[in-house]
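To start, the structure under review is shown below, and the notes come after it.
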Amino acid sequence: MNDLVCVQADDFSLSDEYQRLRNINGQVGAIVTFCGLVRDFESSAGEPKSKKLVNYLTLQHYPGMTETLLDDIVMQAKARWDLVAVTVIHRIGNLAPNDQIVFVGVASEHRKEAFDAAQFLMDYLKTKATFWKKLTGEGAEQWLDAKSSDSDAAAKWSEDSHD
Amino acid sequence: MNDLVCVQADDFSLSDEYQRLRNINGQVGAIVTFCGLVRDFESSAGEPKSKKLVNYLTLQHYPGMTETLLDDIVMQAKARWDLVAVTVIHRIGNLAPNDQIVFVGVASEHRKEAFDAAQFLMDYLKTKATFWKKLTGEGAEQWLDAKSSDSDAAAKWSEDSHD
Amino acid sequence: MINLLFFGRLGDLAKDAPTCIASLEPDTTPLGIRQMMKADHPELSKALSEPQVLVSVNKMIVKWDEPLFEGDELAFLPPVTGG
Amino acid sequence: MINLLFFGRLGDLAKDAPTCIASLEPDTTPLGIRQMMKADHPELSKALSEPQVLVSVNKMIVKWDEPLFEGDELAFLPPVTGG
């Protein structure tokens, strides 16, 4: 299997993950990567205008369940598009501004499949995988709310009969 | 300006380009990268079933005109989406299988803008920028035809009234 | 015995709540356990009753009236916010 | 003088074609130059006549009947295939 799914406290290297995808076989013509970073200001779901200074985010997950859900999301993507390989890495623990949170990488023959699958994986990961985020900043802790824009983005993939 | 447009014979480093985008400011929450690679087999536009072994591709461009067109494509993307920074690098000269041909990187606050803009940039770059590709393989040279799927992909962006 | 897990904001509210239920009565469900907590942990019980909260048994999402069995791992999941 | 540039497959066909036009007659257009080549470079002229071929003057796409002026750079562009 050419796919890789990992939940880890350690940082990841975009360069290493890219090289792995690039060297899988000679038919890889397109590689799309997504990296999510911690921003230095975060707005709550209900109040997009009021931004809060971030000291760090704490990423919690449900060990065992998360990996199963991520495997399932990757399998769905591979069933839907013609892909050579997929990587999903999600970090947990305390993450400071500019730290990497999540990596999604997709290798395929042509670019459309890689773009669509990477976006699908992120939309599903945001709304289905068992991660929770707590913001520590301005002397207070606050669990972040799910964003309705994320559920809308994930719902779009079930409505589409064709891509 | 945080944007970078470059046509060069030299290889590029995904890692360096990613770090540049990552460090522009603290509001970067999403980075999407696209890398195009030379595949070891290439099919002609008219005959998707008959694949030709690739010894190398020769990338030619129109110096001066290409850079102007790429600058214009980047400006269009920045007018259309809220982006922090964009990088477009396109290589020219002889490129062997697995070599990197093109890099597009987009940094933004949220992921949707970065995904849409990266895909838009690639669709436009494929159909508007003055590059030509010659395939050398199986003892013959052959200029590659434009693909109708690429023009269709680019046309989609003008039809969409909303993204 | 049934193990109880509370994630996200529910974890903060469940600091004094039991982490397991030692003796399982027949026909116990996640809903029943939520109601059991009403007396000693009213704030937690209220948070568990919010419509977005999901419940899983042995890492599979289930309905609130799913019957529980000895050895099950019951988890309460607020809306996820990964990525 | 007008410089002529041929890209992609047109460049291969234009190996023996002139790279410039030394003396410019009034009202010359890209179409006129294409027709001029018919006699000595019939294959190139035919390729230039394909409907997908675009023409640029000083790196801007123009119509085939755009008037040309002394010092212009005229380029013939087959369909692009970058990326």
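So you can find residues: chains in the structure tokens are A, B, ... in the order shown, residues in each start at 1, and ligands are numbered from 1 in order.
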Exercise for the section: Define the interface residues of chain A facing chain D as those within 12 Å, counting only C-alpha atoms, and report them as a list in words. Expected result: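 On the chain A side, the interface is Gly29, Ala30, His110 and Arg111 of chain A.
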Could you save the residues just selected, with C-alpha atoms, as a PDB file, in the first residue's frame?
```pdb
ATOM      1  CA  GLY A  29       2.573  13.612 -12.701  1.00  0.00           C
ATOM      2  CA  ALA A  30       0.842  15.764 -10.075  1.00  0.00           C
ATOM      3  CA  HIS A 110      -3.186  14.259 -13.576  1.00  0.00           C
ATOM      4  CA  ARG A 111      -3.789  17.358 -11.526  1.00  0.00           C
TER       5      ARG A 111
END
```
Within 7 Å of chain A, which residues of chain B show up? Give each one with its shortest atom-to-atom distance in Å (one decimal) and the two atoms involved, counting only C-alpha atoms, rows by chain then rising residue number, as a tab-separated table.
```
residue	atom	partner	partner_atom	distance
B:Leu14	CA	A:Ser15	CA	6.8
B:Ser15	CA	A:Ser15	CA	5.3
B:Gly26	CA	A:Asp40	CA	5.2
B:Gln27	CA	A:Arg39	CA	5.1
B:Val28	CA	A:Arg39	CA	6.1
B:Gly29	CA	A:Leu37	CA	4.6
B:Ala30	CA	A:Gly36	CA	4.8
B:Ile31	CA	A:Cys35	CA	5.2
B:Val32	CA	A:Phe34	CA	4.6
B:Thr33	CA	A:Thr33	CA	5.2
B:Phe34	CA	A:Val32	CA	4.6
B:Cys35	CA	A:Ile31	CA	5.2
B:Gly36	CA	A:Ala30	CA	4.8
B:Leu37	CA	A:Gly29	CA	4.6
B:Val38	CA	A:Gly29	CA	6.0
B:Arg39	CA	A:Gln27	CA	5.0
B:Asp40	CA	A:Gly26	CA	5.2
B:Phe41	CA	A:Gln27	CA	7.0
B:Asn98	CA	A:Gly26	CA	6.5
```
File of the preceding selection, N, CA and C atoms, as a PDB file, in the first residue's frame:
```
ATOM      1  N   LEU B  14      10.848  22.444  -3.269  1.00  0.00           N
ATOM      2  CA  LEU B  14       9.520  22.598  -2.665  1.00  0.00           C
ATOM      3  C   LEU B  14       9.653  23.105  -1.240  1.00  0.00           C
ATOM      4  N   SER B  15      10.619  22.556  -0.530  1.00  0.00           N
ATOM      5  CA  SER B  15      10.815  22.896   0.867  1.00  0.00           C
ATOM      6  C   SER B  15      11.124  24.393   1.039  1.00  0.00           C
ATOM      7  N   GLY B  26       1.883  35.944  10.359  1.00  0.00           N
ATOM      8  CA  GLY B  26       1.248  35.043  11.318  1.00  0.00           C
ATOM      9  C   GLY B  26      -0.186  34.697  10.995  1.00  0.00           C
ATOM     10  N   GLN B  27      -0.719  35.260   9.923  1.00  0.00           N
ATOM     11  CA  GLN B  27      -2.103  34.960   9.556  1.00  0.00           C
ATOM     12  C   GLN B  27      -2.222  33.831   8.527  1.00  0.00           C
ATOM     13  N   VAL B  28      -1.074  33.287   8.110  1.00  0.00           N
ATOM     14  CA  VAL B  28      -1.123  32.156   7.168  1.00  0.00           C
ATOM     15  C   VAL B  28      -1.586  30.912   7.923  1.00  0.00           C
ATOM     16  N   GLY B  29      -2.756  30.402   7.548  1.00  0.00           N
ATOM     17  CA  GLY B  29      -3.294  29.203   8.187  1.00  0.00           C
ATOM     18  C   GLY B  29      -3.354  28.022   7.242  1.00  0.00           C
ATOM     19  N   ALA B  30      -3.182  28.275   5.940  1.00  0.00           N
ATOM     20  CA  ALA B  30      -3.349  27.222   4.937  1.00  0.00           C
ATOM     21  C   ALA B  30      -2.352  27.445   3.810  1.00  0.00           C
ATOM     22  N   ILE B  31      -1.620  26.400   3.454  1.00  0.00           N
ATOM     23  CA  ILE B  31      -0.720  26.481   2.309  1.00  0.00           C
ATOM     24  C   ILE B  31      -0.998  25.284   1.401  1.00  0.00           C
ATOM     25  N   VAL B  32      -1.369  25.580   0.165  1.00  0.00           N
ATOM     26  CA  VAL B  32      -1.568  24.532  -0.830  1.00  0.00           C
ATOM     27  C   VAL B  32      -0.425  24.629  -1.836  1.00  0.00           C
ATOM     28  N   THR B  33       0.205  23.492  -2.113  1.00  0.00           N
ATOM     29  CA  THR B  33       1.232  23.486  -3.153  1.00  0.00           C
ATOM     30  C   THR B  33       0.846  22.488  -4.235  1.00  0.00           C
ATOM     31  N   PHE B  34       1.217  22.820  -5.459  1.00  0.00           N
ATOM     32  CA  PHE B  34       1.093  21.883  -6.576  1.00  0.00           C
ATOM     33  C   PHE B  34       2.461  21.728  -7.212  1.00  0.00           C
ATOM     34  N   CYS B  35       2.873  20.495  -7.435  1.00  0.00           N
ATOM     35  CA  CYS B  35       4.090  20.233  -8.210  1.00  0.00           C
ATOM     36  C   CYS B  35       3.738  19.344  -9.383  1.00  0.00           C
ATOM     37  N   GLY B  36       4.167  19.730 -10.562  1.00  0.00           N
ATOM     38  CA  GLY B  36       4.024  18.896 -11.753  1.00  0.00           C
ATOM     39  C   GLY B  36       5.342  18.194 -12.032  1.00  0.00           C
ATOM     40  N   LEU B  37       5.250  16.898 -12.308  1.00  0.00           N
ATOM     41  CA  LEU B  37       6.446  16.094 -12.581  1.00  0.00           C
ATOM     42  C   LEU B  37       6.367  15.518 -13.986  1.00  0.00           C
ATOM     43  N   VAL B  38       7.514  15.218 -14.586  1.00  0.00           N
ATOM     44  CA  VAL B  38       7.548  14.504 -15.865  1.00  0.00           C
ATOM     45  C   VAL B  38       7.226  13.034 -15.598  1.00  0.00           C
ATOM     46  N   ARG B  39       6.205  12.516 -16.277  1.00  0.00           N
ATOM     47  CA  ARG B  39       5.872  11.091 -16.148  1.00  0.00           C
ATOM     48  C   ARG B  39       6.729  10.268 -17.115  1.00  0.00           C
ATOM     49  N   ASP B  40       6.907   8.992 -16.812  1.00  0.00           N
ATOM     50  CA  ASP B  40       7.783   8.176 -17.674  1.00  0.00           C
ATOM     51  C   ASP B  40       7.080   7.715 -18.954  1.00  0.00           C
ATOM     52  N   PHE B  41       5.741   7.779 -18.945  1.00  0.00           N
ATOM     53  CA  PHE B  41       4.994   7.537 -20.167  1.00  0.00           C
ATOM     54  C   PHE B  41       4.046   8.707 -20.392  1.00  0.00           C
ATOM     55  N   ASN B  98      10.433  12.069 -13.749  1.00  0.00           N
ATOM     56  CA  ASN B  98      10.495  12.387 -12.310  1.00  0.00           C
ATOM     57  C   ASN B  98      11.017  13.802 -12.023  1.00  0.00           C
TER      58      ASN B  98
END
```
Exercise for the section: Fewer than 5 positions away in the same chain doesn't count, so skip those; otherwise give me all residues within 8 Å of A:Cys6, counting only C-alpha atoms, as a PyMOL selection string. Expected result: chain A and resi 67+88-90
Write the residues of the preceding selection, restricted to N, CA, C and O atoms, as a PDB file, in the first residue's frame.
```pdb
ATOM      1  N   GLU A  67      -7.673   7.117  14.034  1.00  0.00           N
ATOM      2  CA  GLU A  67      -6.934   6.419  12.976  1.00  0.00           C
ATOM      3  C   GLU A  67      -7.900   5.641  12.078  1.00  0.00           C
ATOM      4  O   GLU A  67      -7.749   5.623  10.850  1.00  0.00           O
ATOM      5  N   VAL A  88      -1.881  11.318   5.041  1.00  0.00           N
ATOM      6  CA  VAL A  88      -2.558  12.206   5.990  1.00  0.00           C
ATOM      7  C   VAL A  88      -1.803  12.138   7.316  1.00  0.00           C
ATOM      8  O   VAL A  88      -1.615  11.046   7.865  1.00  0.00           O
ATOM      9  N   ILE A  89      -1.343  13.290   7.788  1.00  0.00           N
ATOM     10  CA  ILE A  89      -0.675  13.359   9.097  1.00  0.00           C
ATOM     11  C   ILE A  89      -1.360  14.451   9.914  1.00  0.00           C
ATOM     12  O   ILE A  89      -1.546  15.564   9.419  1.00  0.00           O
ATOM     13  N   HIS A  90      -1.739  14.127  11.136  1.00  0.00           N
ATOM     14  CA  HIS A  90      -2.357  15.139  12.004  1.00  0.00           C
ATOM     15  C   HIS A  90      -1.613  15.144  13.325  1.00  0.00           C
ATOM     16  O   HIS A  90      -1.370  14.095  13.914  1.00  0.00           O
TER      17      HIS A  90
END
```
Handout entry: Which of stretch 14-79 of chain D fall in alpha helix (DSSP H), as a PyMOL selection string
Key = chain D and resi 30-36+42-48
Take the residues that were just selected and, keeping N, CA, C and O atoms, output them as a PDB file, in the first residue's frame.
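part_36.pdb, written as the output of this step:
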```pdb
ATOM      1  N   PRO D  30       0.506  40.794 -40.144  1.00  0.00           N
ATOM      2  CA  PRO D  30       0.931  39.402 -39.955  1.00  0.00           C
ATOM      3  C   PRO D  30       0.372  38.495 -41.047  1.00  0.00           C
ATOM      4  O   PRO D  30       1.085  37.613 -41.548  1.00  0.00           O
ATOM      5  N   LEU D  31      -0.863  38.731 -41.446  1.00  0.00           N
ATOM      6  CA  LEU D  31      -1.457  37.920 -42.511  1.00  0.00           C
ATOM      7  C   LEU D  31      -0.673  38.068 -43.811  1.00  0.00           C
ATOM      8  O   LEU D  31      -0.409  37.084 -44.515  1.00  0.00           O
ATOM      9  N   GLY D  32      -0.254  39.287 -44.117  1.00  0.00           N
ATOM     10  CA  GLY D  32       0.534  39.541 -45.313  1.00  0.00           C
ATOM     11  C   GLY D  32       1.849  38.781 -45.280  1.00  0.00           C
ATOM     12  O   GLY D  32       2.271  38.185 -46.284  1.00  0.00           O
ATOM     13  N   ILE D  33       2.486  38.769 -44.128  1.00  0.00           N
ATOM     14  CA  ILE D  33       3.771  38.069 -44.001  1.00  0.00           C
ATOM     15  C   ILE D  33       3.570  36.567 -44.166  1.00  0.00           C
ATOM     16  O   ILE D  33       4.365  35.876 -44.806  1.00  0.00           O
ATOM     17  N   ARG D  34       2.475  36.059 -43.582  1.00  0.00           N
ATOM     18  CA  ARG D  34       2.167  34.632 -43.743  1.00  0.00           C
ATOM     19  C   ARG D  34       2.007  34.280 -45.227  1.00  0.00           C
ATOM     20  O   ARG D  34       2.521  33.270 -45.699  1.00  0.00           O
ATOM     21  N   GLN D  35       1.300  35.143 -45.948  1.00  0.00           N
ATOM     22  CA  GLN D  35       1.069  34.871 -47.385  1.00  0.00           C
ATOM     23  C   GLN D  35       2.352  34.973 -48.193  1.00  0.00           C
ATOM     24  O   GLN D  35       2.563  34.217 -49.141  1.00  0.00           O
ATOM     25  N   MET D  36       3.231  35.913 -47.796  1.00  0.00           N
ATOM     26  CA  MET D  36       4.532  36.072 -48.449  1.00  0.00           C
ATOM     27  C   MET D  36       5.339  34.777 -48.436  1.00  0.00           C
ATOM     28  O   MET D  36       6.157  34.520 -49.313  1.00  0.00           O
ATOM     29  N   PRO D  42       6.140  26.539 -48.174  1.00  0.00           N
ATOM     30  CA  PRO D  42       4.721  26.164 -48.217  1.00  0.00           C
ATOM     31  C   PRO D  42       4.244  25.400 -46.969  1.00  0.00           C
ATOM     32  O   PRO D  42       3.144  25.637 -46.479  1.00  0.00           O
ATOM     33  N   GLU D  43       5.114  24.529 -46.435  1.00  0.00           N
ATOM     34  CA  GLU D  43       4.693  23.738 -45.278  1.00  0.00           C
ATOM     35  C   GLU D  43       4.495  24.634 -44.060  1.00  0.00           C
ATOM     36  O   GLU D  43       3.515  24.520 -43.311  1.00  0.00           O
ATOM     37  N   LEU D  44       5.452  25.551 -43.855  1.00  0.00           N
ATOM     38  CA  LEU D  44       5.342  26.505 -42.747  1.00  0.00           C
ATOM     39  C   LEU D  44       4.097  27.358 -42.911  1.00  0.00           C
ATOM     40  O   LEU D  44       3.322  27.550 -41.957  1.00  0.00           O
ATOM     41  N   SER D  45       3.887  27.862 -44.123  1.00  0.00           N
ATOM     42  CA  SER D  45       2.743  28.730 -44.382  1.00  0.00           C
ATOM     43  C   SER D  45       1.434  28.010 -44.071  1.00  0.00           C
ATOM     44  O   SER D  45       0.509  28.577 -43.495  1.00  0.00           O
ATOM     45  N   LYS D  46       1.384  26.729 -44.429  1.00  0.00           N
ATOM     46  CA  LYS D  46       0.184  25.935 -44.146  1.00  0.00           C
ATOM     47  C   LYS D  46      -0.022  25.790 -42.629  1.00  0.00           C
ATOM     48  O   LYS D  46      -1.138  25.944 -42.109  1.00  0.00           O
ATOM     49  N   ALA D  47       1.086  25.518 -41.910  1.00  0.00           N
ATOM     50  CA  ALA D  47       0.984  25.365 -40.450  1.00  0.00           C
ATOM     51  C   ALA D  47       0.554  26.670 -39.789  1.00  0.00           C
ATOM     52  O   ALA D  47      -0.207  26.674 -38.813  1.00  0.00           O
ATOM     53  N   LEU D  48       1.045  27.803 -40.328  1.00  0.00           N
ATOM     54  CA  LEU D  48       0.678  29.111 -39.758  1.00  0.00           C
ATOM     55  C   LEU D  48      -0.807  29.412 -39.978  1.00  0.00           C
ATOM     56  O   LEU D  48      -1.385  30.226 -39.263  1.00  0.00           O
TER      57      LEU D  48
END
```
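Residues of chain D carrying a DSSP assignment of strand (DSSP E or B), computed from the backbone, are Ile2, Asn3, Leu4, Leu5, Phe6, Cys20, Ile21, Leu54, Val55, Ser56, Val57, Met60, Ile61, Val62, Glu73, Leu74, Ala75, Phe76 and Leu77 of chain D.
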Problem - All residues 8 Å or closer to B:Ser151, only C-alpha atoms, same chain fewer than 4 positions away omitted, as a list of chain:residue names - result: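 Contacts, in chain order: B:Asp123, B:Thr127, B:Lys147, B:Ala155.
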Write out, as a tab-separated table (two decimals), in the first residue's frame, the residues just selected, with N, CA and C atoms.
```
chain	number	residue	atom	x	y	z
B	123	ASP	N	-4.84	25.88	-13.99
B	123	ASP	CA	-5.70	25.81	-15.18
B	123	ASP	C	-5.33	26.93	-16.16
B	127	THR	N	-3.14	26.92	-20.09
B	127	THR	CA	-3.83	27.30	-21.32
B	127	THR	C	-3.49	28.69	-21.81
B	147	LYS	N	-4.32	19.97	-24.62
B	147	LYS	CA	-5.41	19.05	-24.28
B	147	LYS	C	-6.71	19.83	-24.15
B	155	ALA	N	-11.84	27.30	-18.88
B	155	ALA	CA	-13.10	27.97	-19.24
B	155	ALA	C	-14.07	27.99	-18.07
```
Handout entry: Pick from A:Trp81, A:Ser50, A:Gly64, A:Thr130, whichever lies nearest to C:Phe76 using only C-alpha atoms
Key =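 Answer, going by the shortest atom-to-atom distance: A:Thr130.
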Practice task
Give me the residues within 9 Å of C:Thr19 as a PyMOL selection string, counting only C-alpha atoms and dropping any in the same chain fewer than 2 places off.
Solution key: chain C and resi 2-6+14+16-17+21
Handout entry: Point-to-point distance from atom CA of B:Val86 to atom CA of A:Tyr56, Å rounded to tenths
Key =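 Here the two named atoms are 26.7 Å from each other.
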Problem - 10 Å contact set for D:Phe69, only C-alpha atoms, chain neighbours under 4 positions out, as number ranges by chain - result: D: 1-2, 24-29, 57, 73
Practice task
For atom CA of A:Thr87 and atom CA of A:Asn2, quote the distance in Å rounded to one decimal.
Solution key: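 Going from atom CA of A:Thr87 over to atom CA of A:Asn2, I get 8.5 Å.
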Practice task
Mind checking which residues fall within 9 Å of A:Lys134, counting only C-alpha atoms, ignoring those fewer than 5 positions away in the same chain, and posting them as a list in words?
Solution key: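 Contacts, with the query itself left out: Tyr56, Leu57, Thr58, Leu59, Gln60, Glu141, Gln142, Trp143 and Leu144 of chain A; Gly8 and Arg9 of chain C.
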Practice task
Could you jot down the atom CA of A:Asp71 to atom CA of B:Glu113 separation for me, Å, one decimal place?
Solution key: 26.2 Å
